[in-house]
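Enquirer: run_14.cif is reproduced in full below (mmCIF, C-alpha atoms).
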data_entry
loop_
_atom_site.group_PDB
_atom_site.id
_atom_site.type_symbol
_atom_site.label_atom_id
_atom_site.label_comp_id
_atom_site.auth_asym_id
_atom_site.auth_seq_id
_atom_site.Cartn_x
_atom_site.Cartn_y
_atom_site.Cartn_z
ATOM 1 C CA MET A 66 0.000 0.000 0.000
ATOM 2 C CA LYS A 67 1.509 3.325 -1.088
ATOM 3 C CA ALA A 68 -0.777 5.794 0.673
ATOM 4 C CA THR A 69 -3.551 6.002 3.245
ATOM 5 C CA VAL A 70 -6.172 8.656 2.485
ATOM 6 C CA LEU A 71 -8.014 9.901 5.572
ATOM 7 C CA ILE A 72 -11.348 11.685 5.022
ATOM 8 C CA PRO A 73 -13.120 13.006 8.146
ATOM 9 C CA THR A 74 -16.847 13.628 7.792
ATOM 10 C CA HIS A 75 -19.770 14.727 9.933
ATOM 11 C CA ASP A 76 -22.771 16.134 8.079
ATOM 12 C CA HIS A 77 -21.574 16.625 4.478
ATOM 13 C CA GLY A 78 -22.833 13.298 3.168
ATOM 14 C CA PRO A 79 -23.775 14.363 -0.395
ATOM 15 C CA THR A 80 -20.529 16.263 -1.054
ATOM 16 C CA LEU A 81 -18.585 13.233 0.179
ATOM 17 C CA ILE A 82 -19.594 11.434 -3.006
ATOM 18 C CA HIS A 83 -17.497 13.813 -5.121
ATOM 19 C CA SER A 84 -14.510 14.098 -2.800
ATOM 20 C CA VAL A 85 -14.215 10.309 -2.539
ATOM 21 C CA ALA A 86 -14.602 10.001 -6.308
ATOM 22 C CA SER A 87 -11.602 12.317 -6.756
ATOM 23 C CA ALA A 88 -9.583 10.051 -4.442
ATOM 24 C CA LEU A 89 -10.614 6.920 -6.340
ATOM 25 C CA ALA A 90 -9.555 8.563 -9.620
ATOM 26 C CA GLN A 91 -5.904 8.945 -8.577
ATOM 27 C CA THR A 92 -3.145 7.793 -10.913
ATOM 28 C CA VAL A 93 -1.726 5.930 -7.909
ATOM 29 C CA LYS A 94 -4.170 3.049 -7.467
ATOM 30 C CA ASP A 95 -2.458 1.312 -4.547
ATOM 31 C CA ILE A 96 -4.208 3.340 -1.827
ATOM 32 C CA GLU A 97 -6.609 2.761 1.045
ATOM 33 C CA ILE A 98 -9.316 5.289 1.861
ATOM 34 C CA PHE A 99 -10.464 5.750 5.458
ATOM 35 C CA ILE A 100 -13.755 7.604 5.932
ATOM 36 C CA VAL A 101 -13.853 8.644 9.585
ATOM 37 C CA ALA A 102 -17.495 9.331 10.451
ATOM 38 C CA ASP A 103 -17.759 11.612 13.484
ATOM 39 C CA GLY A 104 -21.347 11.323 14.709
ATOM 40 C CA VAL A 105 -22.945 11.390 11.261
ATOM 41 C CA PRO A 106 -26.649 12.399 11.578
ATOM 42 C CA GLU A 107 -29.221 9.711 10.901
ATOM 43 C CA THR A 108 -30.315 11.502 7.721
ATOM 44 C CA MET A 109 -26.794 11.217 6.282
ATOM 45 C CA ARG A 110 -25.845 7.691 7.317
ATOM 46 C CA ASP A 111 -27.270 5.919 4.274
ATOM 47 C CA VAL A 112 -25.372 8.284 1.982
ATOM 48 C CA VAL A 113 -22.070 7.763 3.810
ATOM 49 C CA ARG A 114 -22.532 3.991 3.890
ATOM 50 C CA SER A 115 -23.356 3.893 0.181
ATOM 51 C CA VAL A 116 -20.181 5.836 -0.602
ATOM 52 C CA ALA A 117 -18.164 3.384 1.489
ATOM 53 C CA ARG A 118 -19.468 0.545 -0.697
ATOM 54 C CA LEU A 119 -18.220 2.135 -3.935
ATOM 55 C CA ASP A 120 -14.814 0.459 -3.832
ATOM 56 C CA SER A 121 -13.075 -2.312 -1.897
ATOM 57 C CA ARG A 122 -10.291 0.136 -0.990
ATOM 58 C CA ILE A 123 -12.669 2.172 1.201
ATOM 59 C CA ARG A 124 -13.100 1.535 4.921
ATOM 60 C CA LEU A 125 -15.756 3.275 6.997
ATOM 61 C CA PHE A 126 -15.116 4.042 10.671
ATOM 62 C CA GLU A 127 -18.440 4.956 12.291
ATOM 63 C CA HIS A 128 -18.405 6.608 15.722
ATOM 64 C CA PRO A 129 -20.725 8.651 17.963
ATOM 65 C CA LYS A 130 -19.931 12.379 17.945
ATOM 66 C CA ALA A 131 -16.556 13.078 19.573
ATOM 67 C CA PRO A 132 -15.316 16.413 21.018
ATOM 68 C CA ARG A 133 -14.587 19.244 18.562
ATOM 69 C CA HIS A 134 -14.056 17.785 15.073
ATOM 70 C CA GLY A 135 -13.401 14.240 16.199
ATOM 71 C CA GLU A 136 -9.613 14.505 16.162
ATOM 72 C CA ILE A 137 -9.246 11.541 18.511
ATOM 73 C CA LEU A 138 -11.155 9.418 15.995
ATOM 74 C CA ARG A 139 -8.598 10.285 13.339
ATOM 75 C CA HIS A 140 -5.850 9.113 15.679
ATOM 76 C CA GLU A 141 -7.630 5.800 16.220
ATOM 77 C CA ALA A 142 -8.001 5.281 12.468
ATOM 78 C CA MET A 143 -4.300 6.023 11.944
ATOM 79 C CA ARG A 144 -3.494 2.933 13.990
ATOM 80 C CA GLU A 145 -5.124 0.870 11.246
ATOM 81 C CA ALA A 146 -3.142 2.498 8.415
ATOM 82 C CA SER A 147 -0.978 0.093 6.433
ATOM 83 C CA ALA A 148 0.805 2.680 4.237
ATOM 84 C CA GLN A 149 3.895 4.699 5.070
ATOM 85 C CA ALA A 150 2.358 7.902 3.712
ATOM 86 C CA VAL A 151 -0.843 9.606 4.846
ATOM 87 C CA CYS A 152 -2.810 12.131 2.768
ATOM 88 C CA TYR A 153 -5.842 14.073 3.997
ATOM 89 C CA LEU A 154 -8.953 15.073 2.085
ATOM 90 C CA SER A 155 -11.888 17.158 3.287
ATOM 91 C CA ASP A 156 -15.334 15.794 2.481
ATOM 92 C CA ASP A 157 -16.111 18.898 0.401
ATOM 93 C CA ASP A 158 -12.866 19.387 -1.559
ATOM 94 C CA LEU A 159 -11.516 17.840 -4.768
ATOM 95 C CA TRP A 160 -8.192 16.334 -5.803
ATOM 96 C CA LEU A 161 -6.764 16.291 -9.295
ATOM 97 C CA PRO A 162 -5.827 12.764 -10.462
ATOM 98 C CA ASP A 163 -2.078 13.288 -9.904
ATOM 99 C CA HIS A 164 -2.336 14.606 -6.328
ATOM 100 C CA VAL A 165 -1.164 11.490 -4.491
ATOM 101 C CA GLU A 166 1.540 10.892 -7.092
ATOM 102 C CA THR A 167 2.841 14.444 -6.575
ATOM 103 C CA ILE A 168 2.752 14.182 -2.785
ATOM 104 C CA LEU A 169 4.511 10.807 -2.710
ATOM 105 C CA ALA A 170 7.338 12.269 -4.785
ATOM 106 C CA LEU A 171 7.789 15.012 -2.164
ATOM 107 C CA LEU A 172 7.652 12.589 0.752
ATOM 108 C CA GLU A 173 10.574 10.651 -0.671
ATOM 109 C CA THR A 174 12.828 13.397 0.703
ATOM 110 C CA CYS A 175 10.767 14.941 3.517
ATOM 111 C CA ASP A 176 8.497 14.119 6.454
ATOM 112 C CA PHE A 177 5.659 16.637 5.978
ATOM 113 C CA ALA A 178 4.438 18.081 2.683
ATOM 114 C CA ASN A 179 1.692 20.270 1.310
ATOM 115 C CA ALA A 180 0.118 20.778 -2.077
ATOM 116 C CA LEU A 181 -0.336 24.243 -3.545
ATOM 117 C CA PRO A 182 -3.338 25.636 -1.593
ATOM 118 C CA LEU A 183 -5.869 26.771 -4.199
ATOM 119 C CA TYR A 184 -9.475 27.652 -3.449
ATOM 120 C CA TRP A 185 -12.532 28.687 -5.427
ATOM 121 C CA ASP A 186 -14.157 31.965 -4.438
ATOM 122 C CA ARG A 187 -17.663 32.329 -5.860
ATOM 123 C CA GLU A 188 -17.293 36.108 -6.248
ATOM 124 C CA HIS A 189 -13.614 36.577 -7.132
ATOM 125 C CA GLY A 190 -12.660 33.315 -8.791
ATOM 126 C CA LEU A 191 -9.539 31.282 -8.172
ATOM 127 C CA GLY A 192 -7.399 32.228 -5.184
ATOM 128 C CA SER A 193 -4.493 30.764 -3.246
ATOM 129 C CA TRP A 194 -2.654 30.947 0.043
ATOM 130 C CA THR A 195 1.072 31.481 -0.294
ATOM 131 C CA VAL A 196 3.238 28.946 1.501
ATOM 132 C CA ASP A 197 6.711 27.497 0.978
ATOM 133 C CA LEU A 198 7.839 25.385 3.907
ATOM 134 C CA THR A 199 11.470 25.468 2.757
ATOM 135 C CA ALA A 200 11.472 29.121 3.881
ATOM 136 C CA ASP A 201 11.735 29.679 7.633
ATOM 137 C CA TYR A 202 9.272 32.567 7.375
ATOM 138 C CA PHE A 203 6.322 30.346 6.447
ATOM 139 C CA ARG A 204 7.235 27.687 8.966
ATOM 140 C CA HIS A 205 7.307 30.328 11.717
ATOM 141 C CA LEU A 206 4.082 31.834 10.372
ATOM 142 C CA ILE A 207 2.212 28.582 10.940
ATOM 143 C CA LEU A 208 3.836 28.055 14.335
ATOM 144 C CA SER A 209 2.737 31.565 15.359
ATOM 145 C CA GLY A 210 -0.918 30.767 14.568
ATOM 146 C CA THR A 211 -1.571 31.563 10.895
ATOM 147 C CA ASN A 212 -2.589 28.514 8.895
ATOM 148 C CA ARG A 213 -1.833 28.422 5.163
ATOM 149 C CA ILE A 214 -2.377 24.679 4.684
ATOM 150 C CA PRO A 215 -5.954 23.347 4.342
ATOM 151 C CA LEU A 216 -6.543 19.745 5.392
ATOM 152 C CA SER A 217 -6.843 18.544 1.786
ATOM 153 C CA CYS A 218 -3.380 19.847 0.965
ATOM 154 C CA ALA A 219 -1.439 18.162 3.776
ATOM 155 C CA ALA A 220 0.407 14.853 3.941
ATOM 156 C CA HIS A 221 3.109 13.213 6.024
ATOM 157 C CA THR A 222 4.966 9.989 6.596
ATOM 158 C CA MET A 223 3.786 7.523 9.220
ATOM 159 C CA GLY A 224 7.293 7.480 10.614
ATOM 160 C CA MET A 225 7.104 11.194 11.409
ATOM 161 C CA TYR A 226 3.614 10.820 12.864
ATOM 162 C CA ARG A 227 4.790 8.116 15.252
ATOM 163 C CA ARG A 228 7.591 10.381 16.463
ATOM 164 C CA LEU A 229 5.145 13.088 17.555
ATOM 165 C CA PRO A 230 4.342 13.426 21.253
ATOM 166 C CA HIS A 231 0.567 13.232 20.726
ATOM 167 C CA GLY A 232 -0.698 12.972 17.146
ATOM 168 C CA TRP A 233 -4.326 13.956 16.480
ATOM 169 C CA ARG A 234 -5.949 15.069 19.734
ATOM 170 C CA THR A 235 -8.818 17.306 20.839
ATOM 171 C CA THR A 236 -7.966 20.869 19.912
ATOM 172 C CA PRO A 237 -8.377 23.740 22.417
ATOM 173 C CA ALA A 238 -11.393 25.964 21.752
ATOM 174 C CA GLY A 239 -10.642 28.858 19.430
ATOM 175 C CA THR A 240 -7.782 27.091 17.630
ATOM 176 C CA PRO A 241 -8.254 25.626 14.136
ATOM 177 C CA THR A 242 -8.005 21.848 14.296
ATOM 178 C CA ASP A 243 -5.728 21.450 11.295
ATOM 179 C CA LEU A 244 -3.398 24.218 12.427
ATOM 180 C CA TYR A 245 -3.027 22.555 15.834
ATOM 181 C CA MET A 246 -1.902 19.348 14.117
ATOM 182 C CA TRP A 247 0.483 20.982 11.642
ATOM 183 C CA GLN A 248 2.145 22.867 14.490
ATOM 184 C CA GLN A 249 3.107 19.564 16.051
ATOM 185 C CA PHE A 250 4.980 18.567 12.917
ATOM 186 C CA LEU A 251 6.636 21.903 12.260
ATOM 187 C CA SER A 252 7.691 22.514 15.866
ATOM 188 C CA ASP A 253 9.978 19.484 15.586
ATOM 189 C CA PRO A 254 13.374 20.756 14.331
ATOM 190 C CA GLY A 255 13.996 17.372 12.756
ATOM 191 C CA CYS A 256 10.845 17.466 10.635
ATOM 192 C CA ARG A 257 11.799 18.050 7.004
ATOM 193 C CA ALA A 258 9.029 19.923 5.175
ATOM 194 C CA LEU A 259 8.399 20.686 1.497
ATOM 195 C CA SER A 260 5.705 22.494 -0.502
ATOM 196 C CA ALA A 261 4.489 21.685 -4.006
ATOM 197 C CA ALA A 262 4.303 24.531 -6.509
ATOM 198 C CA ARG A 263 1.719 23.200 -8.965
ATOM 199 C CA PRO A 264 -2.017 22.711 -8.471
ATOM 200 C CA THR A 265 -3.341 19.277 -7.490
ATOM 201 C CA VAL A 266 -6.112 20.316 -5.047
ATOM 202 C CA LEU A 267 -9.084 22.653 -5.210
ATOM 203 C CA CYS A 268 -10.625 23.717 -1.897
ATOM 204 C CA PHE A 269 -14.155 25.023 -1.377
ATOM 205 C CA PRO A 270 -13.991 26.770 2.039
ATOM 206 C CA ALA A 271 -17.133 26.040 4.023
ATOM 207 C CA PHE A 272 -17.038 29.336 5.934
ATOM 208 C CA THR A 273 -17.647 31.236 2.665
ATOM 209 C CA ARG A 274 -20.569 28.973 1.701
ATOM 210 C CA LYS A 275 -22.851 29.270 4.713
ATOM 211 C CA SER A 276 -25.614 30.761 2.572
ATOM 212 C CA MET A 277 -25.536 27.839 0.118
ATOM 213 C CA SER A 278 -27.928 24.924 0.411
ATOM 214 C CA ALA A 279 -26.658 21.342 0.487
ATOM 215 C CA ASP A 280 -27.921 20.826 -3.075
ATOM 216 C CA GLU A 281 -26.081 23.935 -4.285
ATOM 217 C CA ARG A 282 -22.824 22.729 -2.755
ATOM 218 C CA VAL A 283 -23.199 19.309 -4.346
ATOM 219 C CA GLN A 284 -23.917 20.925 -7.724
ATOM 220 C CA GLU A 285 -20.832 23.108 -7.394
ATOM 221 C CA LEU A 286 -18.614 20.086 -6.769
ATOM 222 C CA ALA A 287 -20.256 18.164 -9.597
ATOM 223 C CA GLU A 288 -19.525 20.980 -12.062
ATOM 224 C CA TRP A 289 -15.932 21.334 -10.918
ATOM 225 C CA SER A 290 -15.329 17.583 -11.058
ATOM 226 C CA GLY A 291 -15.907 17.755 -14.789
ATOM 227 C CA ARG A 292 -13.851 20.900 -15.236
ATOM 228 C CA LEU A 293 -10.876 19.474 -13.369
ATOM 229 C CA ALA A 294 -10.864 16.415 -15.592
ATOM 230 C CA GLY A 295 -10.351 18.759 -18.538
ATOM 231 C CA GLY A 296 -7.276 20.438 -17.050
ATOM 232 C CA GLU A 297 -9.035 23.747 -16.429
ATOM 233 C CA LEU A 298 -7.560 24.247 -12.953
ATOM 234 C CA THR A 299 -3.963 24.233 -14.183
ATOM 235 C CA ALA A 300 -4.765 26.756 -16.900
ATOM 236 C CA GLN A 301 -6.595 29.069 -14.490
ATOM 237 C CA ALA A 302 -3.842 28.774 -11.875
ATOM 238 C CA LEU A 303 -1.226 29.795 -14.452
ATOM 239 C CA GLU A 304 -3.353 32.734 -15.605
ATOM 240 C CA ARG A 305 -3.832 33.857 -11.998
ATOM 241 C CA PHE A 306 -0.091 33.612 -11.337
ATOM 242 C CA VAL A 307 0.776 35.733 -14.392
ATOM 243 C CA ARG A 308 -1.795 38.384 -13.512
ATOM 244 C CA GLU A 309 -0.735 38.445 -9.863
ATOM 245 C CA CYS A 310 2.928 38.946 -10.806
ATOM 246 C CA ALA A 311 1.955 41.786 -13.149
ATOM 247 C CA ARG A 312 -0.197 43.386 -10.455
ATOM 248 C CA MET A 313 2.579 43.199 -7.851
ATOM 249 C CA GLU A 314 5.141 44.667 -10.248
ATOM 250 C CA SER A 315 2.857 47.545 -11.248
ATOM 251 C CA GLU A 316 2.012 48.305 -7.602
ATOM 252 C CA GLU A 317 5.666 48.211 -6.574
ATOM 253 C CA LEU A 318 6.611 50.505 -9.483
ATOM 254 C CA ALA A 319 3.785 52.911 -8.662
ATOM 255 C CA SER A 320 4.851 52.961 -5.010
ATOM 256 C CA ALA A 321 8.488 53.611 -5.939
ATOM 257 C CA ARG A 322 7.472 56.478 -8.242
ATOM 258 C CA LYS A 323 5.305 57.966 -5.508
ATOM 259 C CA GLU A 324 8.175 57.862 -3.019
ATOM 260 C CA LEU A 325 10.565 59.383 -5.575
ATOM 261 C CA ASP A 326 8.113 62.182 -6.341
ATOM 262 C CA ALA A 327 7.766 62.874 -2.615
ATOM 263 C CA VAL A 328 11.546 63.126 -2.274
ATOM 264 C CA ARG A 329 11.801 65.458 -5.263
ATOM 265 C CA ARG A 330 9.159 67.731 -3.762
ATOM 266 C CA SER A 331 10.895 67.891 -0.379
ATOM 267 C CA ALA A 332 12.670 71.083 0.732
ATOM 268 C CA GLU A 333 15.871 69.125 1.474
ATOM 269 C CA PHE A 334 16.037 67.753 -2.078
ATOM 270 C CA ARG A 335 15.458 71.170 -3.660
ATOM 271 C CA ALA A 336 18.071 72.755 -1.394
ATOM 272 C CA GLY A 337 20.604 70.010 -2.186
ATOM 273 C CA LYS A 338 19.969 70.305 -5.909
ATOM 274 C CA LYS A 339 20.423 74.084 -5.747
ATOM 275 C CA LEU A 340 23.635 73.691 -3.720
ATOM 276 C CA MET A 341 25.105 71.193 -6.219
ATOM 277 C CA SER A 342 24.455 73.631 -9.013
ATOM 278 C CA LEU A 343 27.012 76.068 -7.545
ATOM 279 C CA PRO A 344 30.320 75.801 -9.506
ATOM 280 C CA LEU A 345 32.616 75.340 -6.483
ATOM 281 C CA VAL A 346 30.409 72.797 -4.703
ATOM 282 C CA GLY A 347 29.951 70.813 -7.908
ATOM 283 C CA ALA A 348 33.691 70.692 -8.526
ATOM 284 C CA LEU A 349 34.422 69.598 -4.954
ATOM 285 C CA ALA A 350 31.802 66.856 -5.247
ATOM 286 C CA LYS A 351 33.442 65.502 -8.420
ATOM 287 C CA VAL A 352 36.845 65.420 -6.683
ATOM 288 C CA ALA A 353 35.325 63.597 -3.711
ATOM 289 C CA TYR A 354 33.787 60.969 -5.968
ATOM 290 C CA ARG A 355 37.146 60.391 -7.757
ATOM 291 C CA LEU A 356 38.980 60.017 -4.422
ATOM 292 C CA ARG A 357 36.369 57.548 -3.196
ATOM 293 C CA ASP A 358 36.648 55.448 -6.360
ATOM 294 C CA ARG A 359 40.463 55.500 -6.162
ATOM 295 C CA ALA A 360 40.375 54.359 -2.532
ATOM 296 C CA ALA A 361 38.033 51.525 -3.416
ATOM 297 C CA SER A 362 40.331 50.297 -6.209
ATOM 298 C CA PRO A 363 42.769 47.438 -5.263
#
Starting from the file, lay out its structure as structure tokens.

Expert:
Amino acid sequence: MKATVLIPTHDHGPTLIHSVASALAQTVKDIEIFIVADGVPETMRDVVRSVARLDSRIRLFEHPKAPRHGEILRHEAMREASAQAVCYLSDDDLWLPDHVETILALLETCDFANALPLYWDREHGLGSWTVDLTADYFRHLILSGTNRIPLSCAAHTMGMYRRLPHGWRTTPAGTPTDLYMWQQFLSDPGCRALSAARPTVLCFPAFTRKSMSADERVQELAEWSGRLAGGELTAQALERFVRECARMESEELASARKELDAVRRSAEFRAGKKLMSLPLVGALAKVAYRLRDRAASP
């Protein structure tokens, strides 16, 4: 078994159909899929159980509702994992077919990895959270309490998980569950971490979809499942990157011009320019520059 895919779920039964389908469609076929059901409501149980029967690689772990998001249930399921790599998938997100393949390539040389965090905003289109775990800045950013890695983008080796002091555990109130887990990995100085730079995941943040009905969310995932199969995400991600680079360059240039204009309008600049225009001062300045260059020469 090359990878264990862990999918926590509570009351998103219909969307689970599409997220699990994206896991089953991976180019890496040698996987096991754990659906960890945390107190699934009676109205959703038939849906979850029917999804679990889609493929022999799926195992369903049914439990009564646990504290917070059922983190302790994830830890229990991890004890049953037979693979040396663990990938996570939210029950309302989608993977591209090469996600597990991409993550496994990263985990060959690291202990914790993340896919490029892309999300779909219904008003503004494709967006992303910037993160590169090879840079100390982003590692410290997560440790200080800012999460840039959605559940569906994270993965790690079982060896690293077993070295942690706790693993998945009930998260303190007010702290994001995923962040609390990632901090355990990244607080270990020996944990090697890498970030992918190409899109293999598309997230649909639930907190921006509170006004959507369950049917609308299912329809959204159904539409995107077809679009992802056609390679649309990669094309849109590239377009967004190009436009974002252009925007940043134009803003930086505009800011630099604004600062330069402010300097030119300052009294000190005008006085200095007037002083340099005097013949004697200008000549002395030229001599000073020549002496400085001569002193700097070997």

Enquirer: To one decimal place in Å, what is the distance between CA of Val101 in chain A and CA of Thr174 in chain A?

Expert: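 Pair CA of Val101 in chain A / CA of Thr174 in chain A returns 28.5 Å.
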
Enquirer: For each of A:Cys175, A:Ala170, A:Met109, A:Leu125, take the minimum atom-to-atom distance to Val70 in chain A, counting only C-alpha atoms, then give the residue where this is smallest.

Expert: A:Leu125

Enquirer: Applying the PyMOL selection byres ((chain A and resi 212-221) around 6) to the file I just gave you, which residues come out? Please list them as an mmCIF file with C-alpha atoms, keeping the file's coordinate frame.

Expert:
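Result went into result.cif, see below:
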data_model
loop_
_atom_site.group_PDB
_atom_site.id
_atom_site.type_symbol
_atom_site.label_atom_id
_atom_site.label_comp_id
_atom_site.auth_asym_id
_atom_site.auth_seq_id
_atom_site.Cartn_x
_atom_site.Cartn_y
_atom_site.Cartn_z
ATOM 1 C CA ALA A 150 2.358 7.902 3.712
ATOM 2 C CA VAL A 151 -0.843 9.606 4.846
ATOM 3 C CA CYS A 152 -2.810 12.131 2.768
ATOM 4 C CA TYR A 153 -5.842 14.073 3.997
ATOM 5 C CA LEU A 154 -8.953 15.073 2.085
ATOM 6 C CA SER A 155 -11.888 17.158 3.287
ATOM 7 C CA ASP A 176 8.497 14.119 6.454
ATOM 8 C CA PHE A 177 5.659 16.637 5.978
ATOM 9 C CA ALA A 178 4.438 18.081 2.683
ATOM 10 C CA ASN A 179 1.692 20.270 1.310
ATOM 11 C CA ALA A 180 0.118 20.778 -2.077
ATOM 12 C CA TRP A 194 -2.654 30.947 0.043
ATOM 13 C CA ILE A 207 2.212 28.582 10.940
ATOM 14 C CA THR A 211 -1.571 31.563 10.895
ATOM 15 C CA THR A 222 4.966 9.989 6.596
ATOM 16 C CA LEU A 244 -3.398 24.218 12.427
#

Enquirer: Running the PyMOL selection byres ((chain A and resi 260-276) around 6) on this model by hand, what would come out? Give it as a PyMOL selection string.

Expert: chain A and resi 158-161+164+178-181+183-185+197-198+259+277

Enquirer: With the file shown as input, list the residues that the PyMOL selection byres ((chain A and resi 108) around 12) selects, as a CSV table (one decimal) with C-alpha atoms, in the coordinates of the input.

Expert:
chain,number,residue,atom,x,y,z
A,75,HIS,CA,-19.8,14.7,9.9
A,76,ASP,CA,-22.8,16.1,8.1
A,77,HIS,CA,-21.6,16.6,4.5
A,78,GLY,CA,-22.8,13.3,3.2
A,79,PRO,CA,-23.8,14.4,-0.4
A,104,GLY,CA,-21.3,11.3,14.7
A,105,VAL,CA,-22.9,11.4,11.3
A,106,PRO,CA,-26.6,12.4,11.6
A,107,GLU,CA,-29.2,9.7,10.9
A,109,MET,CA,-26.8,11.2,6.3
A,110,ARG,CA,-25.8,7.7,7.3
A,111,ASP,CA,-27.3,5.9,4.3
A,112,VAL,CA,-25.4,8.3,2.0
A,113,VAL,CA,-22.1,7.8,3.8
A,114,ARG,CA,-22.5,4.0,3.9

Enquirer: Considering all atoms listed in the file, can you say which of A:Arg257, A:Arg118, A:Arg330, A:Arg139 comes closest to Asp201 in chain A?

Expert: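 Under the stated criterion, the closest residue is A:Arg257.
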
Enquirer: Can you tell me how far CA of Phe126 in chain A sits from CA of Arg227 in chain A, in Å to one decimal?

Expert: 20.8 Å

Enquirer: Quick one: pull the distance between CA of Arg122 in chain A and CA of Ala68 in chain A, Å, one decimal.

Expert: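 A separation of 11.2 Å between them.
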
Enquirer: With distances taken over all atoms listed in the file, which of A:Arg228, A:Gly135, A:Ala319, A:Leu293 is nearest to Gly255 in chain A?

Expert: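 Selected residue with least distance to Gly255 in chain A: A:Arg228.
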
Enquirer: Can you work out which one of A:Leu172, A:Ala131, A:Ala294, A:Leu251 has the shortest atom-to-atom distance to Leu229 in chain A, counting all atoms listed in the file?

Expert: A:Leu251
